[in-house]
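Asker: CSV, N, CA and C atoms, saved as coords.csv, coming up:
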chain,number,residue,atom,x,y,z
A,1,MET,N,98.0,43.8,-10.7
A,1,MET,CA,97.3,44.0,-11.9
A,1,MET,C,98.3,44.7,-13.0
A,2,ASP,N,98.2,44.2,-14.2
A,2,ASP,CA,99.1,44.7,-15.2
A,2,ASP,C,98.3,45.1,-16.5
A,3,PHE,N,97.0,45.1,-16.4
A,3,PHE,CA,96.2,45.5,-17.6
A,3,PHE,C,94.8,45.9,-17.1
A,4,VAL,N,94.3,47.0,-17.7
A,4,VAL,CA,92.9,47.5,-17.4
A,4,VAL,C,92.1,47.5,-18.7
A,5,PHE,N,91.0,46.8,-18.7
A,5,PHE,CA,90.0,46.8,-19.8
A,5,PHE,C,88.8,47.5,-19.3
A,6,GLU,N,88.2,48.3,-20.2
A,6,GLU,CA,87.0,49.1,-19.8
A,6,GLU,C,85.9,49.1,-20.8
A,7,GLU,N,84.7,48.9,-20.3
A,7,GLU,CA,83.5,49.2,-21.1
A,7,GLU,C,83.2,50.6,-20.9
A,8,ALA,N,83.3,51.4,-21.9
A,8,ALA,CA,83.0,52.8,-21.9
A,8,ALA,C,82.7,53.3,-23.2
A,9,ASN,N,82.0,54.4,-23.3
A,9,ASN,CA,81.6,55.0,-24.6
A,9,ASN,C,82.8,55.6,-25.3
A,10,PRO,N,83.3,55.1,-26.4
A,10,PRO,CA,84.5,55.6,-27.0
A,10,PRO,C,84.3,57.0,-27.6
A,11,ASP,N,83.0,57.4,-27.8
A,11,ASP,CA,82.7,58.7,-28.3
A,11,ASP,C,82.8,59.8,-27.3
A,12,GLU,N,82.9,59.5,-26.0
A,12,GLU,CA,82.9,60.5,-25.0
A,12,GLU,C,84.3,60.8,-24.5
A,13,GLY,N,85.3,60.3,-25.2
A,13,GLY,CA,86.7,60.7,-24.8
A,13,GLY,C,87.3,59.8,-23.7
A,14,ARG,N,88.4,60.3,-23.2
A,14,ARG,CA,89.1,59.5,-22.2
A,14,ARG,C,88.3,59.4,-20.9
A,15,THR,N,88.5,58.3,-20.1
A,15,THR,CA,87.9,58.2,-18.8
A,15,THR,C,88.9,58.4,-17.7
A,16,VAL,N,88.4,58.5,-16.5
A,16,VAL,CA,89.3,58.6,-15.3
A,16,VAL,C,90.1,57.3,-15.2
A,17,ALA,N,89.4,56.1,-15.4
A,17,ALA,CA,90.1,54.9,-15.3
A,17,ALA,C,91.3,54.8,-16.4
A,18,GLU,N,91.0,55.3,-17.5
A,18,GLU,CA,92.0,55.3,-18.6
A,18,GLU,C,93.2,56.1,-18.2
A,19,ASP,N,93.0,57.3,-17.7
A,19,ASP,CA,94.1,58.2,-17.2
A,19,ASP,C,94.9,57.5,-16.1
A,20,ILE,N,94.2,56.9,-15.1
A,20,ILE,CA,94.9,56.3,-14.0
A,20,ILE,C,95.7,55.1,-14.5
A,21,ALA,N,95.1,54.3,-15.3
A,21,ALA,CA,95.8,53.1,-15.9
A,21,ALA,C,97.0,53.4,-16.7
A,22,ARG,N,96.9,54.4,-17.5
A,22,ARG,CA,98.0,54.9,-18.4
A,22,ARG,C,99.2,55.4,-17.5
A,23,ASP,N,98.8,56.2,-16.5
A,23,ASP,CA,99.8,56.8,-15.6
A,23,ASP,C,100.5,55.7,-14.8
A,24,ALA,N,99.8,54.7,-14.3
A,24,ALA,CA,100.3,53.7,-13.4
A,24,ALA,C,101.0,52.5,-14.2
A,25,LEU,N,100.4,52.2,-15.3
A,25,LEU,CA,100.9,51.0,-16.0
A,25,LEU,C,101.5,51.2,-17.4
A,26,GLY,N,101.2,52.4,-18.0
A,26,GLY,CA,101.7,52.7,-19.3
A,26,GLY,C,100.6,52.6,-20.3
A,27,ILE,N,100.8,53.3,-21.5
A,27,ILE,CA,99.8,53.4,-22.5
A,27,ILE,C,99.4,52.1,-23.1
A,28,ASP,N,100.3,51.1,-23.1
A,28,ASP,CA,100.0,49.8,-23.7
A,28,ASP,C,99.3,48.8,-22.8
A,29,HIS,N,98.9,49.3,-21.6
A,29,HIS,CA,98.3,48.4,-20.6
A,29,HIS,C,96.8,48.8,-20.3
A,30,TYR,N,96.2,49.5,-21.2
A,30,TYR,CA,94.8,49.9,-21.1
A,30,TYR,C,94.1,49.6,-22.5
A,31,SER,N,92.9,49.1,-22.4
A,31,SER,CA,92.1,48.9,-23.6
A,31,SER,C,90.7,49.1,-23.4
A,32,LEU,N,90.1,50.0,-24.3
A,32,LEU,CA,88.7,50.2,-24.3
A,32,LEU,C,88.1,49.0,-25.1
A,33,ILE,N,87.2,48.3,-24.6
A,33,ILE,CA,86.8,47.1,-25.2
A,33,ILE,C,85.4,47.2,-25.9
A,34,ASP,N,84.7,48.2,-25.6
A,34,ASP,CA,83.3,48.3,-26.2
A,34,ASP,C,83.4,49.1,-27.5
A,35,PRO,N,82.8,48.5,-28.6
A,35,PRO,CA,82.8,49.3,-29.8
A,35,PRO,C,81.8,50.4,-29.8
A,36,SER,N,82.1,51.5,-30.5
A,36,SER,CA,81.1,52.6,-30.6
A,36,SER,C,79.8,52.2,-31.2
A,37,ARG,N,78.8,52.9,-31.1
A,37,ARG,CA,77.5,52.6,-31.7
A,37,ARG,C,77.7,52.5,-33.2
A,38,ASP,N,78.5,53.3,-33.8
A,38,ASP,CA,78.7,53.3,-35.3
A,38,ASP,C,79.4,52.0,-35.7
A,39,GLN,N,80.3,51.5,-34.8
A,39,GLN,CA,81.1,50.3,-35.2
A,39,GLN,C,80.3,49.0,-34.9
A,40,ARG,N,79.3,49.1,-34.1
A,40,ARG,CA,78.5,47.9,-33.7
A,40,ARG,C,77.9,47.2,-34.9
A,41,ALA,N,77.3,48.0,-35.8
A,41,ALA,CA,76.6,47.4,-37.0
A,41,ALA,C,77.6,46.6,-37.8
A,42,SER,N,78.8,47.0,-38.0
A,42,SER,CA,79.8,46.3,-38.8
A,42,SER,C,80.2,45.0,-38.1
A,43,LEU,N,80.0,44.9,-36.8
A,43,LEU,CA,80.3,43.7,-36.0
A,43,LEU,C,79.0,42.8,-35.8
A,44,GLY,N,77.9,43.2,-36.4
A,44,GLY,CA,76.7,42.4,-36.3
A,44,GLY,C,75.9,42.6,-35.0
A,45,ILE,N,76.2,43.7,-34.3
A,45,ILE,CA,75.6,44.0,-33.1
A,45,ILE,C,74.5,45.1,-33.3
A,46,GLY,N,73.3,44.8,-32.9
A,46,GLY,CA,72.2,45.7,-33.0
A,46,GLY,C,72.0,46.6,-31.8
A,47,GLU,N,70.9,47.2,-31.7
A,47,GLU,CA,70.5,48.0,-30.5
A,47,GLU,C,70.5,47.1,-29.3
A,48,THR,N,71.0,47.5,-28.2
A,48,THR,CA,71.1,46.7,-27.0
A,48,THR,C,70.0,47.0,-25.9
A,49,SER,N,69.4,48.2,-26.1
A,49,SER,CA,68.3,48.5,-25.1
A,49,SER,C,67.4,49.6,-25.7
A,50,ASP,N,66.2,49.7,-25.1
A,50,ASP,CA,65.3,50.7,-25.5
A,50,ASP,C,64.6,51.3,-24.2
A,51,TRP,N,64.7,52.6,-24.0
A,51,TRP,CA,64.2,53.2,-22.8
A,51,TRP,C,62.8,53.8,-23.1
A,52,SER,N,61.9,53.6,-22.2
A,52,SER,CA,60.6,54.3,-22.3
A,52,SER,C,60.1,54.8,-21.0
A,53,CYS,N,59.4,55.9,-21.0
A,53,CYS,CA,59.0,56.6,-19.8
A,53,CYS,C,57.5,56.2,-19.6
A,54,PHE,N,57.2,56.0,-18.3
A,54,PHE,CA,55.8,55.6,-18.0
A,54,PHE,C,55.6,55.9,-16.5
A,55,ASN,N,54.3,55.9,-16.2
A,55,ASN,CA,53.9,56.0,-14.8
A,55,ASN,C,53.1,54.7,-14.5
A,56,PRO,N,53.5,53.8,-13.6
A,56,PRO,CA,52.8,52.6,-13.4
A,56,PRO,C,51.5,52.8,-12.6
A,57,MET,N,51.4,53.9,-11.9
A,57,MET,CA,50.2,54.1,-11.1
A,57,MET,C,49.1,55.0,-11.7
A,58,ASP,N,49.5,56.0,-12.4
A,58,ASP,CA,48.5,56.9,-12.9
A,58,ASP,C,49.1,57.8,-14.0
A,59,ASP,N,48.7,57.7,-15.2
A,59,ASP,CA,49.2,58.5,-16.3
A,59,ASP,C,49.0,60.0,-16.2
A,60,THR,N,48.1,60.4,-15.3
A,60,THR,CA,47.8,61.9,-15.1
A,60,THR,C,48.8,62.5,-14.2
A,61,VAL,N,49.6,61.8,-13.5
A,61,VAL,CA,50.6,62.3,-12.5
A,61,VAL,C,51.9,62.6,-13.3
A,62,GLU,N,52.5,63.7,-13.0
A,62,GLU,CA,53.7,64.1,-13.7
A,62,GLU,C,54.9,63.3,-13.5
A,63,VAL,N,55.1,62.7,-12.3
A,63,VAL,CA,56.3,61.9,-12.0
A,63,VAL,C,56.2,60.7,-12.8
A,64,LYS,N,57.3,60.4,-13.5
A,64,LYS,CA,57.4,59.3,-14.4
A,64,LYS,C,58.6,58.4,-14.0
A,65,ASP,N,58.5,57.1,-14.3
A,65,ASP,CA,59.6,56.2,-14.1
A,65,ASP,C,60.1,55.8,-15.5
A,66,TRP,N,61.2,55.2,-15.5
A,66,TRP,CA,61.8,54.7,-16.8
A,66,TRP,C,61.9,53.2,-16.8
A,67,LEU,N,61.5,52.7,-17.9
A,67,LEU,CA,61.6,51.2,-18.1
A,67,LEU,C,62.6,51.0,-19.2
A,68,CYS,N,63.5,50.1,-18.9
A,68,CYS,CA,64.5,49.7,-20.0
A,68,CYS,C,64.3,48.3,-20.4
A,69,THR,N,64.1,48.1,-21.7
A,69,THR,CA,64.0,46.8,-22.3
A,69,THR,C,65.4,46.5,-22.7
A,70,VAL,N,65.9,45.3,-22.2
A,70,VAL,CA,67.3,44.9,-22.5
A,70,VAL,C,67.3,43.8,-23.5
A,71,TYR,N,68.0,44.0,-24.6
A,71,TYR,CA,68.0,42.9,-25.7
A,71,TYR,C,69.2,42.0,-25.4
A,72,VAL,N,68.8,40.9,-24.8
A,72,VAL,CA,69.8,39.9,-24.3
A,72,VAL,C,70.8,39.4,-25.5
A,73,GLU,N,70.2,39.1,-26.6
A,73,GLU,CA,71.1,38.5,-27.7
A,73,GLU,C,72.1,39.6,-28.1
A,74,GLU,N,71.7,40.8,-28.2
A,74,GLU,CA,72.7,41.9,-28.6
A,74,GLU,C,73.8,42.1,-27.6
A,75,HIS,N,73.4,42.0,-26.3
A,75,HIS,CA,74.4,42.2,-25.2
A,75,HIS,C,75.3,41.0,-25.3
A,76,LYS,N,74.8,39.8,-25.6
A,76,LYS,CA,75.7,38.6,-25.7
A,76,LYS,C,76.7,38.8,-26.8
A,77,LYS,N,76.3,39.4,-27.9
A,77,LYS,CA,77.3,39.7,-29.0
A,77,LYS,C,78.3,40.7,-28.5
A,78,ARG,N,77.9,41.7,-27.8
A,78,ARG,CA,78.9,42.7,-27.2
A,78,ARG,C,79.9,42.0,-26.3
A,79,GLU,N,79.4,41.2,-25.4
A,79,GLU,CA,80.3,40.5,-24.5
A,79,GLU,C,81.2,39.6,-25.2
A,80,GLU,N,80.8,38.9,-26.2
A,80,GLU,CA,81.6,38.0,-27.0
A,80,GLU,C,82.7,38.8,-27.7
A,81,HIS,N,82.4,40.0,-28.2
A,81,HIS,CA,83.4,40.9,-28.8
A,81,HIS,C,84.4,41.3,-27.7
A,82,TRP,N,83.9,41.7,-26.5
A,82,TRP,CA,84.8,42.1,-25.4
A,82,TRP,C,85.8,40.9,-25.1
A,83,LEU,N,85.3,39.7,-25.0
A,83,LEU,CA,86.2,38.6,-24.7
A,83,LEU,C,87.3,38.4,-25.8
A,84,LYS,N,86.9,38.5,-27.0
A,84,LYS,CA,87.9,38.4,-28.1
A,84,LYS,C,89.0,39.5,-28.0
A,85,VAL,N,88.6,40.7,-27.6
A,85,VAL,CA,89.6,41.8,-27.5
A,85,VAL,C,90.5,41.5,-26.3
A,86,ILE,N,89.9,41.0,-25.2
A,86,ILE,CA,90.7,40.7,-24.0
A,86,ILE,C,91.7,39.5,-24.3
A,87,GLN,N,91.2,38.5,-25.0
A,87,GLN,CA,92.0,37.4,-25.3
A,87,GLN,C,93.2,37.7,-26.2
A,88,GLY,N,93.0,38.8,-27.0
A,88,GLY,CA,94.1,39.3,-27.9
A,88,GLY,C,95.2,40.1,-27.2
A,89,LYS,N,95.1,40.3,-25.9
A,89,LYS,CA,96.1,41.1,-25.2
A,89,LYS,C,97.0,40.2,-24.4
A,90,GLN,N,98.2,40.6,-24.1
A,90,GLN,CA,99.1,39.9,-23.3
A,90,GLN,C,99.1,40.5,-21.9
A,91,PHE,N,98.7,39.7,-20.9
A,91,PHE,CA,98.7,40.2,-19.5
A,91,PHE,C,98.7,39.0,-18.5
A,92,ASN,N,99.0,39.3,-17.3
A,92,ASN,CA,99.0,38.2,-16.3
A,92,ASN,C,97.8,38.4,-15.4
A,93,ARG,N,97.5,39.6,-15.0
A,93,ARG,CA,96.4,39.9,-14.1
A,93,ARG,C,95.7,41.1,-14.5
A,94,GLY,N,94.5,41.0,-15.0
A,94,GLY,CA,93.8,42.2,-15.5
A,94,GLY,C,92.6,42.6,-14.7
A,95,LEU,N,92.1,43.8,-14.9
A,95,LEU,CA,90.9,44.3,-14.3
A,95,LEU,C,90.0,44.7,-15.4
A,96,LEU,N,88.7,44.2,-15.3
A,96,LEU,CA,87.7,44.7,-16.3
A,96,LEU,C,86.7,45.6,-15.5
A,97,ILE,N,86.6,46.8,-16.1
A,97,ILE,CA,85.6,47.7,-15.5
A,97,ILE,C,84.4,47.7,-16.5
A,98,CYS,N,83.3,47.3,-15.9
A,98,CYS,CA,82.1,47.2,-16.8
A,98,CYS,C,80.8,47.5,-15.9
A,99,GLY,N,79.7,47.7,-16.6
A,99,GLY,CA,78.5,47.9,-15.9
A,99,GLY,C,78.0,46.7,-15.1
A,100,ASP,N,77.3,47.0,-14.0
A,100,ASP,CA,76.8,46.0,-13.1
A,100,ASP,C,76.1,44.9,-13.8
A,101,ALA,N,75.4,45.2,-14.8
A,101,ALA,CA,74.6,44.1,-15.5
A,101,ALA,C,75.5,43.1,-16.2
A,102,HIS,N,76.8,43.4,-16.4
A,102,HIS,CA,77.7,42.5,-17.0
A,102,HIS,C,78.6,41.7,-16.1
A,103,VAL,N,78.6,42.0,-14.8
A,103,VAL,CA,79.5,41.3,-13.9
A,103,VAL,C,79.4,39.8,-13.9
A,104,LEU,N,78.2,39.3,-13.7
A,104,LEU,CA,78.1,37.8,-13.6
A,104,LEU,C,78.3,37.2,-15.0
A,105,SER,N,77.7,37.7,-16.0
A,105,SER,CA,77.8,37.1,-17.3
A,105,SER,C,79.2,37.1,-17.8
A,106,MET,N,79.9,38.2,-17.6
A,106,MET,CA,81.3,38.2,-18.0
A,106,MET,C,82.2,37.2,-17.2
A,107,SER,N,81.9,37.1,-15.9
A,107,SER,CA,82.6,36.2,-15.0
A,107,SER,C,82.4,34.8,-15.5
A,108,TYR,N,81.2,34.4,-15.9
A,108,TYR,CA,80.9,33.1,-16.4
A,108,TYR,C,81.7,32.9,-17.7
A,109,ARG,N,81.8,33.9,-18.6
A,109,ARG,CA,82.5,33.8,-19.8
A,109,ARG,C,84.0,33.5,-19.6
A,110,PHE,N,84.6,34.3,-18.6
A,110,PHE,CA,86.0,34.1,-18.2
A,110,PHE,C,86.2,32.7,-17.7
A,111,LEU,N,85.3,32.3,-16.8
A,111,LEU,CA,85.5,30.9,-16.2
A,111,LEU,C,85.5,29.9,-17.3
A,112,SER,N,84.6,30.0,-18.3
A,112,SER,CA,84.5,29.0,-19.4
A,112,SER,C,85.8,29.0,-20.3
A,113,GLU,N,86.6,30.1,-20.2
A,113,GLU,CA,87.8,30.2,-21.0
A,113,GLU,C,89.0,30.0,-20.1
A,114,ASN,N,88.8,29.4,-18.9
A,114,ASN,CA,89.8,29.1,-17.9
A,114,ASN,C,90.6,30.2,-17.3
A,115,PHE,N,89.9,31.4,-17.2
A,115,PHE,CA,90.5,32.5,-16.5
A,115,PHE,C,90.2,32.3,-15.0
A,116,SER,N,91.0,32.8,-14.1
A,116,SER,CA,90.7,32.8,-12.7
A,116,SER,C,90.0,34.1,-12.5
A,117,VAL,N,88.9,34.1,-11.7
A,117,VAL,CA,88.0,35.3,-11.6
A,117,VAL,C,87.7,35.6,-10.2
A,118,GLU,N,87.8,36.9,-9.9
A,118,GLU,CA,87.2,37.5,-8.7
A,118,GLU,C,86.2,38.6,-9.2
A,119,ALA,N,85.0,38.6,-8.7
A,119,ALA,CA,84.0,39.5,-9.2
A,119,ALA,C,83.6,40.4,-8.1
A,120,TYR,N,83.6,41.7,-8.4
A,120,TYR,CA,83.1,42.7,-7.4
A,120,TYR,C,82.1,43.6,-8.1
A,121,SER,N,81.1,44.0,-7.4
A,121,SER,CA,80.0,44.9,-7.9
A,121,SER,C,79.9,46.1,-7.0
A,122,TYR,N,80.0,47.2,-7.6
A,122,TYR,CA,79.9,48.5,-6.8
A,122,TYR,C,78.8,49.3,-7.4
A,123,VAL,N,77.8,49.6,-6.5
A,123,VAL,CA,76.7,50.5,-6.9
A,123,VAL,C,76.7,51.6,-5.8
A,124,PRO,N,76.8,52.9,-6.2
A,124,PRO,CA,76.9,54.0,-5.2
A,124,PRO,C,75.4,54.4,-4.8
A,125,TYR,N,74.8,53.5,-4.0
A,125,TYR,CA,73.5,53.8,-3.6
A,125,TYR,C,73.3,55.1,-2.9
A,126,HIS,N,74.3,55.6,-2.2
A,126,HIS,CA,74.2,56.8,-1.5
A,126,HIS,C,74.1,58.0,-2.5
A,127,ARG,N,74.5,57.8,-3.7
A,127,ARG,CA,74.4,58.9,-4.7
A,127,ARG,C,73.0,58.7,-5.5
A,128,LEU,N,72.4,57.6,-5.4
A,128,LEU,CA,71.2,57.3,-6.2
A,128,LEU,C,70.0,57.7,-5.3
A,129,CYS,N,70.1,57.6,-4.0
A,129,CYS,CA,68.9,57.9,-3.2
A,129,CYS,C,69.4,58.4,-1.8
A,130,GLU,N,68.8,59.4,-1.3
A,130,GLU,CA,69.2,60.0,0.0
A,130,GLU,C,68.6,59.3,1.2
A,131,LYS,N,67.7,58.4,0.9
A,131,LYS,CA,67.0,57.6,2.0
A,131,LYS,C,68.0,56.7,2.6
A,132,LYS,N,67.9,56.5,3.9
A,132,LYS,CA,68.8,55.6,4.7
A,132,LYS,C,68.5,54.1,4.2
A,133,HIS,N,69.5,53.4,3.9
A,133,HIS,CA,69.4,52.0,3.5
A,133,HIS,C,70.2,51.1,4.5
A,134,GLU,N,69.6,50.0,4.8
A,134,GLU,CA,70.3,49.0,5.7
A,134,GLU,C,70.6,47.8,4.9
A,135,ARG,N,71.7,47.2,5.4
A,135,ARG,CA,72.1,45.9,4.7
A,135,ARG,C,71.4,44.7,5.4
Can you turn what I pasted into structure tokens?
Answerer:
Amino acid sequence: MDFVFEEANPDEGRTVAEDIARDALGIDHYSLIDPSRDQRASLGIGETSDWSCFNPMDDTVEVKDWLCTVYVEEHKKREEHWLKVIQGKQFNRGLLICGDAHVLSMSYRFLSENFSVEAYSYVPYHRLCEKKHER
């Protein structure tokens, strides 16, 4: 691997992946690909999701769940922006670090642009729930 691309919030500062990539590959081999929320409007990208709290069983119970409405068209615009950024860099073998919801759609975008793709999805279930899970 000679380049690392990352979907991360540019307003939150450097990431662990950025530090590792810069140390291992050099400063010119890392790129943050996601525009900040302020930059998105100038790129024609609107809100990508809306979170709401609800209880599907009983509104009188305090425990609440979260429902996320995902705006597909806006995420499509984000991913198209990411692809342009990636295509603008010189590299032989890159790594894209992105959210789980983007793994397949970005893989399809890369394939349609004749990239060779290996896709891996990591979700730390052990950190999300202490209940024993079986495969």
Asker: For a quick check of understanding, using only C-alpha atoms, which of A:Leu83, A:His75, A:Ser42, A:Leu95 has the smallest distance to Ala17 of chain A?
Answerer: A:Leu95
Asker: Can you pull out every residue from chain A that DSSP, working from the backbone, puts in alpha helix (DSSP H), and format the result as a PyMOL selection string?
Answerer: chain A and resi 16-25+37-42+72-87+103-112+125-128
Asker: Select all residues near (84.5, 34.6, -12.3) (cut-off 5 Å, inclusive, file coordinates), counting all atoms listed in the file, and output them as a list in words.
Answerer: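 Final list of nearby residues, as requested, is Ser107, Tyr108, Val117 and Glu118 of chain A.
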Asker: Which residue gives the smallest distance to Val123 of chain A among A:Glu74, A:Arg93, A:Arg109, A:Gly99, with only C-alpha atoms counted?
Answerer: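 Result for the nearest residue to Val123 of chain A: A:Gly99.
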Asker: Give me, please, the distance in Å between atom CA of Asn9 of chain A and atom N of Tyr120 of chain A, quoted to one decimal.
Answerer: 21.1 Å
Asker: Extract, using all atoms listed in the file, all DNA, RNA and protein residues at most 6.5 Å from segment 84-92 of chain A, discarding same-chain residues fewer than 5 positions from it, and format them as a ChimeraX atom specification.
Answerer: /A:2-3,33,79
Asker: Do you have the atom N of Arg37 of chain A-atom N of Arg78 of chain A distance handy?
Answerer: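 Between atom N of Arg37 of chain A and atom N of Arg78 of chain A the gap is 11.7 Å.
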Asker: Find the residue from A:Trp82, A:His29, A:Arg14, A:Gly94 that sits nearest to Phe115 of chain A; use only C-alpha atoms when measuring.
Answerer: A:Gly94
Asker: Atom CA of Met1 of chain A and atom CA of Tyr125 of chain A, how far apart in Å?
Answerer: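 Atom CA of Tyr125 of chain A sits 27.0 Å away from atom CA of Met1 of chain A.
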